[in-house]
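**Student:** Supplied structure: entry_34.cif, mmCIF, C-alpha atoms, pLDDT in the B column; chains and numbers go by the auth columns.
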```cif
data_upload
loop_
_atom_site.group_PDB
_atom_site.id
_atom_site.type_symbol
_atom_site.label_atom_id
_atom_site.label_comp_id
_atom_site.label_asym_id
_atom_site.label_seq_id
_atom_site.Cartn_x
_atom_site.Cartn_y
_atom_site.Cartn_z
_atom_site.B_iso_or_equiv
_atom_site.auth_seq_id
_atom_site.auth_asym_id
ATOM 1 C CA MET A 1 74.570 -6.197 -74.792 71.00 1 A
ATOM 2 C CA GLU A 2 76.373 -8.284 -72.157 90.00 2 A
ATOM 3 C CA ASN A 3 74.647 -8.421 -68.801 94.00 3 A
ATOM 4 C CA LYS A 4 77.669 -7.366 -66.768 97.00 4 A
ATOM 5 C CA THR A 5 78.424 -4.326 -64.645 98.00 5 A
ATOM 6 C CA ILE A 6 81.792 -2.718 -65.268 98.00 6 A
ATOM 7 C CA GLY A 7 83.571 -0.145 -63.134 98.00 7 A
ATOM 8 C CA PHE A 8 85.709 2.237 -65.188 98.00 8 A
ATOM 9 C CA ALA A 9 88.174 4.211 -63.085 98.00 9 A
ATOM 10 C CA PHE A 10 90.176 7.220 -64.226 97.00 10 A
ATOM 11 C CA CYS A 11 93.529 8.244 -62.759 95.00 11 A
ATOM 12 C CA GLY A 12 95.604 11.322 -63.554 87.00 12 A
ATOM 13 C CA SER A 13 97.382 10.563 -66.845 89.00 13 A
ATOM 14 C CA PHE A 14 95.474 13.341 -68.599 86.00 14 A
ATOM 15 C CA CYS A 15 97.285 13.019 -71.939 89.00 15 A
ATOM 16 C CA THR A 16 95.512 9.676 -72.466 92.00 16 A
ATOM 17 C CA TYR A 17 91.997 10.845 -71.571 93.00 17 A
ATOM 18 C CA GLN A 18 90.845 11.165 -75.160 95.00 18 A
ATOM 19 C CA LYS A 19 91.816 7.530 -75.796 97.00 19 A
ATOM 20 C CA ALA A 20 90.392 6.428 -72.430 96.00 20 A
ATOM 21 C CA MET A 21 87.073 8.138 -73.188 97.00 21 A
ATOM 22 C CA GLY A 22 86.966 6.360 -76.558 97.00 22 A
ATOM 23 C CA ALA A 23 87.517 3.058 -74.759 98.00 23 A
ATOM 24 C CA LEU A 24 84.802 3.986 -72.245 98.00 24 A
ATOM 25 C CA GLU A 25 82.366 4.566 -75.125 98.00 25 A
ATOM 26 C CA ALA A 26 83.172 1.135 -76.586 98.00 26 A
ATOM 27 C CA VAL A 27 82.699 -0.506 -73.184 98.00 27 A
ATOM 28 C CA ALA A 28 79.405 1.331 -72.589 98.00 28 A
ATOM 29 C CA GLU A 29 78.119 0.099 -75.961 97.00 29 A
ATOM 30 C CA THR A 30 78.894 -3.521 -75.033 97.00 30 A
ATOM 31 C CA TYR A 31 77.990 -3.903 -71.362 97.00 31 A
ATOM 32 C CA HIS A 32 74.700 -3.515 -69.520 93.00 32 A
ATOM 33 C CA ARG A 33 75.974 -1.016 -66.948 98.00 33 A
ATOM 34 C CA VAL A 34 79.211 0.973 -66.664 98.00 34 A
ATOM 35 C CA ILE A 35 79.978 2.972 -63.527 98.00 35 A
ATOM 36 C CA PRO A 36 82.628 5.709 -63.795 98.00 36 A
ATOM 37 C CA ILE A 37 85.024 6.255 -60.889 98.00 37 A
ATOM 38 C CA PHE A 38 87.440 9.173 -60.561 97.00 38 A
ATOM 39 C CA SER A 39 90.618 9.429 -58.487 97.00 39 A
ATOM 40 C CA ARG A 40 91.156 12.553 -56.424 95.00 40 A
ATOM 41 C CA ALA A 41 93.718 13.864 -58.924 93.00 41 A
ATOM 42 C CA SER A 42 91.304 13.327 -61.811 92.00 42 A
ATOM 43 C CA GLN A 43 88.535 15.138 -59.904 92.00 43 A
ATOM 44 C CA GLU A 44 90.636 18.142 -58.953 92.00 44 A
ATOM 45 C CA THR A 45 93.122 18.754 -61.771 84.00 45 A
ATOM 46 C CA ASP A 46 92.472 20.874 -64.823 83.00 46 A
ATOM 47 C CA SER A 47 95.054 20.387 -67.562 91.00 47 A
ATOM 48 C CA ARG A 48 95.715 21.365 -71.152 91.00 48 A
ATOM 49 C CA PHE A 49 93.704 18.242 -72.023 90.00 49 A
ATOM 50 C CA GLY A 50 90.520 19.571 -70.421 92.00 50 A
ATOM 51 C CA THR A 51 89.030 20.381 -67.053 93.00 51 A
ATOM 52 C CA ALA A 52 88.221 17.845 -64.385 90.00 52 A
ATOM 53 C CA ARG A 53 84.591 18.903 -64.579 96.00 53 A
ATOM 54 C CA GLU A 54 84.487 18.321 -68.359 96.00 54 A
ATOM 55 C CA HIS A 55 85.960 14.832 -67.995 96.00 55 A
ATOM 56 C CA MET A 56 83.530 13.819 -65.259 96.00 56 A
ATOM 57 C CA GLU A 57 80.578 15.218 -67.194 98.00 57 A
ATOM 58 C CA ARG A 58 81.613 13.362 -70.355 97.00 58 A
ATOM 59 C CA ALA A 59 81.916 10.088 -68.424 97.00 59 A
ATOM 60 C CA ARG A 60 78.482 10.692 -66.887 98.00 60 A
ATOM 61 C CA GLU A 61 76.984 11.299 -70.336 98.00 61 A
ATOM 62 C CA ILE A 62 78.586 8.172 -71.809 98.00 62 A
ATOM 63 C CA CYS A 63 77.588 5.905 -68.917 98.00 63 A
ATOM 64 C CA GLY A 64 74.328 7.486 -67.790 97.00 64 A
ATOM 65 C CA GLU A 65 75.691 7.176 -64.233 97.00 65 A
ATOM 66 C CA GLN A 66 77.040 9.725 -61.783 97.00 66 A
ATOM 67 C CA PRO A 67 80.773 9.171 -61.228 98.00 67 A
ATOM 68 C CA LEU A 68 81.814 7.731 -57.877 98.00 68 A
ATOM 69 C CA LYS A 69 84.295 10.127 -56.277 98.00 69 A
ATOM 70 C CA THR A 70 84.823 9.150 -52.641 98.00 70 A
ATOM 71 C CA ILE A 71 86.088 6.215 -50.622 97.00 71 A
ATOM 72 C CA GLU A 72 82.654 5.986 -48.996 97.00 72 A
ATOM 73 C CA GLU A 73 80.955 5.666 -52.400 98.00 73 A
ATOM 74 C CA VAL A 74 83.255 2.895 -53.683 98.00 74 A
ATOM 75 C CA GLU A 75 83.693 0.843 -50.498 96.00 75 A
ATOM 76 C CA PRO A 76 80.403 -1.116 -51.015 97.00 76 A
ATOM 77 C CA ILE A 77 81.701 -2.446 -54.368 97.00 77 A
ATOM 78 C CA GLY A 78 83.113 -5.511 -52.604 96.00 78 A
ATOM 79 C CA PRO A 79 80.550 -6.269 -49.901 96.00 79 A
ATOM 80 C CA LYS A 80 77.633 -5.808 -52.315 97.00 80 A
ATOM 81 C CA LYS A 81 79.456 -7.445 -55.259 97.00 81 A
ATOM 82 C CA LEU A 82 78.518 -4.489 -57.455 97.00 82 A
ATOM 83 C CA LEU A 83 80.981 -5.084 -60.321 98.00 83 A
ATOM 84 C CA ASP A 84 81.901 -7.963 -62.570 98.00 84 A
ATOM 85 C CA VAL A 85 85.139 -6.300 -63.720 98.00 85 A
ATOM 86 C CA LEU A 86 86.937 -3.129 -62.615 98.00 86 A
ATOM 87 C CA VAL A 87 88.919 -1.285 -65.298 98.00 87 A
ATOM 88 C CA ILE A 88 91.520 1.315 -64.303 98.00 88 A
ATOM 89 C CA ALA A 89 92.273 3.370 -67.402 97.00 89 A
ATOM 90 C CA PRO A 90 94.544 5.221 -67.381 97.00 90 A
ATOM 91 C CA CYS A 91 96.476 3.555 -64.577 98.00 91 A
ATOM 92 C CA THR A 92 99.332 5.824 -63.515 97.00 92 A
ATOM 93 C CA GLY A 93 102.654 4.897 -61.952 97.00 93 A
ATOM 94 C CA ASN A 94 101.332 6.218 -58.645 97.00 94 A
ATOM 95 C CA THR A 95 98.306 3.925 -58.787 98.00 95 A
ATOM 96 C CA LEU A 96 100.458 0.968 -59.863 98.00 96 A
ATOM 97 C CA ALA A 97 102.640 1.512 -56.780 98.00 97 A
ATOM 98 C CA LYS A 98 99.662 1.715 -54.452 98.00 98 A
ATOM 99 C CA LEU A 99 98.057 -1.416 -55.901 98.00 99 A
ATOM 100 C CA ALA A 100 101.341 -3.338 -55.736 98.00 100 A
ATOM 101 C CA HIS A 101 101.739 -2.434 -52.068 98.00 101 A
ATOM 102 C CA GLY A 102 98.126 -2.798 -50.918 96.00 102 A
ATOM 103 C CA ILE A 103 97.508 0.906 -50.331 97.00 103 A
ATOM 104 C CA ALA A 104 93.847 1.947 -50.543 96.00 104 A
ATOM 105 C CA ASP A 105 93.840 5.651 -49.770 97.00 105 A
ATOM 106 C CA GLY A 106 91.577 7.020 -52.500 97.00 106 A
ATOM 107 C CA PRO A 107 88.491 6.147 -54.537 98.00 107 A
ATOM 108 C CA VAL A 108 90.272 4.137 -57.246 98.00 108 A
ATOM 109 C CA THR A 109 92.568 2.111 -54.996 98.00 109 A
ATOM 110 C CA MET A 110 89.722 1.462 -52.533 98.00 110 A
ATOM 111 C CA ALA A 111 87.493 0.338 -55.411 98.00 111 A
ATOM 112 C CA ALA A 112 90.216 -2.119 -56.462 98.00 112 A
ATOM 113 C CA LYS A 113 90.758 -3.420 -52.929 97.00 113 A
ATOM 114 C CA SER A 114 87.033 -3.795 -52.336 97.00 114 A
ATOM 115 C CA HIS A 115 86.493 -5.528 -55.698 98.00 115 A
ATOM 116 C CA LEU A 116 89.479 -7.875 -55.336 98.00 116 A
ATOM 117 C CA ARG A 117 88.199 -9.216 -52.015 96.00 117 A
ATOM 118 C CA ASN A 118 85.683 -11.215 -54.062 95.00 118 A
ATOM 119 C CA GLY A 119 88.331 -12.662 -56.371 97.00 119 A
ATOM 120 C CA ARG A 120 87.003 -10.649 -59.301 98.00 120 A
ATOM 121 C CA PRO A 121 89.143 -9.260 -62.130 98.00 121 A
ATOM 122 C CA VAL A 122 90.822 -5.858 -62.267 98.00 122 A
ATOM 123 C CA LEU A 123 92.067 -4.674 -65.671 98.00 123 A
ATOM 124 C CA LEU A 124 94.873 -2.090 -65.776 98.00 124 A
ATOM 125 C CA ALA A 125 95.616 0.199 -68.735 98.00 125 A
ATOM 126 C CA VAL A 126 99.104 1.432 -67.891 98.00 126 A
ATOM 127 C CA SER A 127 100.105 4.995 -68.687 97.00 127 A
ATOM 128 C CA THR A 128 103.310 6.090 -66.980 96.00 128 A
ATOM 129 C CA ASN A 129 106.507 7.871 -67.958 94.00 129 A
ATOM 130 C CA ASP A 130 108.543 5.595 -65.672 95.00 130 A
ATOM 131 C CA GLY A 131 107.177 2.191 -66.677 96.00 131 A
ATOM 132 C CA LEU A 132 110.656 0.944 -67.564 96.00 132 A
ATOM 133 C CA ALA A 133 112.218 2.708 -64.571 96.00 133 A
ATOM 134 C CA ALA A 134 110.778 3.075 -61.051 94.00 134 A
ATOM 135 C CA ALA A 135 107.325 1.691 -61.969 96.00 135 A
ATOM 136 C CA ALA A 136 108.775 -1.465 -63.571 97.00 136 A
ATOM 137 C CA GLU A 137 109.040 -3.205 -60.191 97.00 137 A
ATOM 138 C CA ASN A 138 105.367 -2.527 -59.472 98.00 138 A
ATOM 139 C CA ILE A 139 104.267 -3.736 -62.902 98.00 139 A
ATOM 140 C CA GLY A 140 106.220 -6.929 -62.257 98.00 140 A
ATOM 141 C CA LYS A 141 104.542 -7.448 -58.883 98.00 141 A
ATOM 142 C CA LEU A 142 101.102 -6.908 -60.385 98.00 142 A
ATOM 143 C CA LEU A 143 101.783 -9.236 -63.335 98.00 143 A
ATOM 144 C CA ALA A 144 102.255 -12.011 -60.785 97.00 144 A
ATOM 145 C CA ARG A 145 99.149 -11.127 -58.780 97.00 145 A
ATOM 146 C CA LYS A 146 95.988 -13.186 -59.079 97.00 146 A
ATOM 147 C CA ASN A 147 92.962 -11.447 -60.666 98.00 147 A
ATOM 148 C CA ILE A 148 95.058 -8.570 -62.071 98.00 148 A
ATOM 149 C CA TYR A 149 95.147 -8.251 -65.866 98.00 149 A
ATOM 150 C CA PHE A 150 96.677 -5.711 -68.229 98.00 150 A
ATOM 151 C CA VAL A 151 95.619 -4.064 -71.442 98.00 151 A
ATOM 152 C CA PRO A 152 98.525 -4.812 -73.824 98.00 152 A
ATOM 153 C CA PHE A 153 101.132 -2.056 -73.563 98.00 153 A
ATOM 154 C CA GLY A 154 104.398 -0.831 -75.049 97.00 154 A
ATOM 155 C CA GLN A 155 106.729 2.103 -75.332 97.00 155 A
ATOM 156 C CA ASP A 156 104.913 5.141 -76.672 92.00 156 A
ATOM 157 C CA ASP A 157 108.008 7.178 -77.624 91.00 157 A
ATOM 158 C CA PRO A 158 111.248 5.181 -77.280 93.00 158 A
ATOM 159 C CA GLU A 159 113.433 8.015 -78.608 95.00 159 A
ATOM 160 C CA LYS A 160 112.204 10.930 -76.490 96.00 160 A
ATOM 161 C CA LYS A 161 110.778 9.001 -73.494 95.00 161 A
ATOM 162 C CA PRO A 162 112.612 5.668 -73.342 96.00 162 A
ATOM 163 C CA ALA A 163 111.132 4.622 -69.970 96.00 163 A
ATOM 164 C CA SER A 164 107.528 5.526 -70.836 96.00 164 A
ATOM 165 C CA LEU A 165 104.841 2.854 -71.272 97.00 165 A
ATOM 166 C CA VAL A 166 101.253 3.221 -72.419 97.00 166 A
ATOM 167 C CA ALA A 167 98.437 0.762 -73.007 98.00 167 A
ATOM 168 C CA ASP A 168 96.849 0.288 -76.403 98.00 168 A
ATOM 169 C CA PHE A 169 93.437 1.715 -75.529 97.00 169 A
ATOM 170 C CA ASN A 170 92.007 0.339 -78.780 97.00 170 A
ATOM 171 C CA ARG A 171 92.544 -3.159 -77.349 98.00 171 A
ATOM 172 C CA LEU A 172 90.863 -2.378 -74.026 98.00 172 A
ATOM 173 C CA PRO A 173 87.490 -3.915 -74.990 98.00 173 A
ATOM 174 C CA GLN A 174 89.157 -7.202 -75.993 98.00 174 A
ATOM 175 C CA ALA A 175 91.325 -7.168 -72.846 98.00 175 A
ATOM 176 C CA LEU A 176 88.186 -6.579 -70.776 98.00 176 A
ATOM 177 C CA ALA A 177 86.406 -9.547 -72.353 98.00 177 A
ATOM 178 C CA ALA A 178 89.462 -11.728 -71.681 98.00 178 A
ATOM 179 C CA ALA A 179 89.758 -10.543 -68.058 98.00 179 A
ATOM 180 C CA ALA A 180 86.073 -11.312 -67.511 97.00 180 A
ATOM 181 C CA GLU A 181 86.923 -14.893 -68.542 97.00 181 A
ATOM 182 C CA GLY A 182 89.932 -14.983 -66.198 98.00 182 A
ATOM 183 C CA ARG A 183 92.652 -14.750 -68.837 98.00 183 A
ATOM 184 C CA GLN A 184 95.283 -12.267 -69.969 98.00 184 A
ATOM 185 C CA LEU A 185 94.888 -10.970 -73.525 98.00 185 A
ATOM 186 C CA GLN A 186 98.020 -11.776 -75.536 98.00 186 A
ATOM 187 C CA PRO A 187 100.424 -10.593 -76.686 98.00 187 A
ATOM 188 C CA LEU A 188 100.885 -8.463 -73.586 97.00 188 A
ATOM 189 C CA LEU A 189 103.880 -6.518 -74.907 97.00 189 A
ATOM 190 C CA ILE A 190 103.372 -4.590 -78.125 95.00 190 A
ATOM 191 C CA SER A 191 105.691 -2.491 -80.228 83.00 191 A
#
```
Before anything else, please render the file you have as structure tokens.

**Tutor:**
Amino acid sequence: MENKTIGFAFCGSFCTYQKAMGALEAVAETYHRVIPIFSRASQETDSRFGTAREHMERAREICGEQPLKTIEEVEPIGPKKLLDVLVIAPCTGNTLAKLAHGIADGPVTMAAKSHLRNGRPVLLAVSTNDGLAAAAENIGKLLARKNIYFVPFGQDDPEKKPASLVADFNRLPQALAAAAEGRQLQPLLIS
């Protein structure tokens, strides 16, 4: 088990939660400590993919840690250097936009801002229906940003959703190991 502490933040792309939870399990098996973090949308929204309460409880069971759910709870991440790597999985188009523009108005974006102040890596697992549309500009900005890394991603349904992008959650553990070393896992774009 690697002696690192990982933050694992969930945003509101609920259709990917099953894959994200699988990735969380793999991360929790590899790293010493994993701290779950939930965005406001992920704390408050029940969907056909499960209730917010079920998702938070599952993350707590996997990690053995209570999820962080407020700005006040995540703000010390930076000053106390609590994390080695912060994973945001799934990372929605909304979160991509906020990160690209320096907006820290919720638990996940504040965790990223606080963590980045120490020059430590943030790993994004994109899941957005407008990745090749409105969110493309924000992905481009973040690709050029220091200490931001991506789980390899591609189009999930080019015929029915031609602008949609989603990360390969099976590659998240390898992308996390690479980000911890300060490098982007390649190839970044997958088909």

**Student:** Mind listing as a short mmCIF file (atom, residue, chain, number, x, y, z; two decimals) with C-alpha atoms, keeping the file's coordinate frame all residues within 10 Å of (102.1, 12.1, -68.2), counting only C-alpha atoms?

**Tutor:**
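See out26.cif below for the written result:
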```cif
data_model
loop_
_atom_site.label_atom_id
_atom_site.label_comp_id
_atom_site.auth_asym_id
_atom_site.auth_seq_id
_atom_site.Cartn_x
_atom_site.Cartn_y
_atom_site.Cartn_z
CA GLY A 12 95.60 11.32 -63.55
CA SER A 13 97.38 10.56 -66.84
CA PHE A 14 95.47 13.34 -68.60
CA CYS A 15 97.28 13.02 -71.94
CA THR A 16 95.51 9.68 -72.47
CA THR A 92 99.33 5.82 -63.52
CA GLY A 93 102.65 4.90 -61.95
CA SER A 127 100.10 5.00 -68.69
CA THR A 128 103.31 6.09 -66.98
CA ASN A 129 106.51 7.87 -67.96
CA ASP A 130 108.54 5.60 -65.67
CA SER A 164 107.53 5.53 -70.84
CA VAL A 166 101.25 3.22 -72.42
#
```

**Student:** Using all atoms listed in the file, which of A:His115, A:Arg171, A:Lys161, A:Lys4 sits nearest Lys81 (chain A)?

**Tutor:**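 Looking at the shortest contact to Lys81 (chain A), the residue is A:His115.
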
**Student:** Just the number, please: distance in Å from CA of Lys160 (chain A) to CA of Leu188 (chain A), one decimal.

**Tutor:**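 Interatomic distance here is 22.6 Å.
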
**Student:** Could you tell me which residues the PyMOL selection byres ((chain A and resi 33) around 10) grabs in this file, written as an MDAnalysis selection string?

**Tutor:** chainID A and resid 1:7 27:32 34:36 63:65 83

**Student:** How far is it from CA of Ala167 (chain A) to CA of Ala112 (chain A), in Å with one decimal?

**Tutor:**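 We find that CA of Ala167 (chain A) and CA of Ala112 (chain A) lie 18.7 Å from each other.
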
**Student:** Under the PyMOL selection byres ((chain A and resi 151-157) around 10), which residues of this model are included? Write them out as a ChimeraX atom specification.

**Tutor:** /A:87-89,123-129,131-132,149-150,158-176,178-179,184-191

**Student:** Starting from the shown file, work through the PyMOL selection byres ((chain A and resi 67) around 6) and note down what comes out as a list in words.

**Tutor:**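 For this structure, the PyMOL selection byres ((chain A and resi 67) around 6) resolves to Pro36, Ile37, Gln66 and Leu68 of chain A.
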
**Student:** Residues as selected, C-alpha atoms, written as an mmCIF file, keeping the file's coordinate frame, can you do that?

**Tutor:**
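Final output, saved to selection.cif:
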```
data_model
loop_
_atom_site.group_PDB
_atom_site.id
_atom_site.type_symbol
_atom_site.label_atom_id
_atom_site.label_comp_id
_atom_site.auth_asym_id
_atom_site.auth_seq_id
_atom_site.Cartn_x
_atom_site.Cartn_y
_atom_site.Cartn_z
ATOM 1 C CA PRO A 36 82.628 5.709 -63.795
ATOM 2 C CA ILE A 37 85.024 6.255 -60.889
ATOM 3 C CA GLN A 66 77.040 9.725 -61.783
ATOM 4 C CA LEU A 68 81.814 7.731 -57.877
#
```

**Student:** Go through A:Leu86, A:Ala104, A:Leu96, A:Ala111 and flag the residue nearest Gly140 (chain A), using all atoms listed in the file for the distances.

**Tutor:**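 Of all the options, A:Leu96 lies closest to Gly140 (chain A).
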
**Student:** Calculate how many Å separate CA of Cys11 (chain A) from CA of Ala52 (chain A), rounding to one decimal.

**Tutor:**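 Separating CA of Cys11 (chain A) from CA of Ala52 (chain A) is a distance of 11.1 Å.
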
**Student:** When distances are computed from all atoms listed in the file, which of A:Thr70, A:Thr95, A:Asn147, A:Ser114 shows the smallest separation from Phe38 (chain A)?

**Tutor:**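 With all atoms listed in the file as the atom set, the closest residue is A:Thr70.
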
**Student:** Would you please work out which residue, of A:Met21, A:Ile77, A:Leu142, A:Val85, is nearest to Glu54 (chain A) when using all atoms listed in the file?

**Tutor:**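 Residue with the minimum atom-to-atom distance to Glu54 (chain A): A:Met21.
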
**Student:** Choose the residue, out of A:Val108, A:Ala41, A:Ile139, A:Leu99, that has the smallest atom-to-atom separation from Ile71 (chain A); count only C-alpha atoms.

**Tutor:** A:Val108

**Student:** Could region 125-139 of chain A be completed with N, CA and C atoms and written as a tab-separated table (two decimals), in the frame of the given file, please?

**Tutor:**
```tsv
chain	number	residue	atom	x	y	z
A	125	ALA	N	95.12	-0.40	-67.49
A	125	ALA	CA	95.62	0.20	-68.74
A	125	ALA	C	96.72	1.17	-68.35
A	126	VAL	N	97.94	0.68	-68.36
A	126	VAL	CA	99.10	1.43	-67.89
A	126	VAL	C	99.33	2.69	-68.72
A	127	SER	N	99.66	3.77	-68.04
A	127	SER	CA	100.10	5.00	-68.69
A	127	SER	C	101.02	5.71	-67.71
A	128	THR	N	102.34	5.51	-67.91
A	128	THR	CA	103.31	6.09	-66.98
A	128	THR	C	104.64	6.36	-67.67
A	129	ASN	N	105.22	7.50	-67.37
A	129	ASN	CA	106.51	7.87	-67.96
A	129	ASN	C	107.67	7.08	-67.37
A	130	ASP	N	107.44	6.36	-66.27
A	130	ASP	CA	108.54	5.60	-65.67
A	130	ASP	C	108.27	4.09	-65.64
A	131	GLY	N	107.53	3.61	-66.62
A	131	GLY	CA	107.18	2.19	-66.68
A	131	GLY	C	108.38	1.27	-66.81
A	132	LEU	N	109.43	1.73	-67.44
A	132	LEU	CA	110.66	0.94	-67.56
A	132	LEU	C	111.73	1.47	-66.62
A	133	ALA	N	111.32	2.19	-65.60
A	133	ALA	CA	112.22	2.71	-64.57
A	133	ALA	C	111.60	2.35	-63.22
A	134	ALA	N	111.27	3.33	-62.41
A	134	ALA	CA	110.78	3.08	-61.05
A	134	ALA	C	109.49	2.24	-61.02
A	135	ALA	N	108.60	2.42	-61.98
A	135	ALA	CA	107.32	1.69	-61.97
A	135	ALA	C	107.46	0.25	-62.45
A	136	ALA	N	108.60	-0.10	-63.04
A	136	ALA	CA	108.78	-1.46	-63.57
A	136	ALA	C	108.61	-2.52	-62.48
A	137	GLU	N	109.16	-2.26	-61.31
A	137	GLU	CA	109.04	-3.20	-60.19
A	137	GLU	C	107.57	-3.45	-59.83
A	138	ASN	N	106.78	-2.39	-59.84
A	138	ASN	CA	105.37	-2.53	-59.47
A	138	ASN	C	104.58	-3.25	-60.56
A	139	ILE	N	104.91	-3.00	-61.81
A	139	ILE	CA	104.27	-3.74	-62.90
A	139	ILE	C	104.58	-5.22	-62.75
```
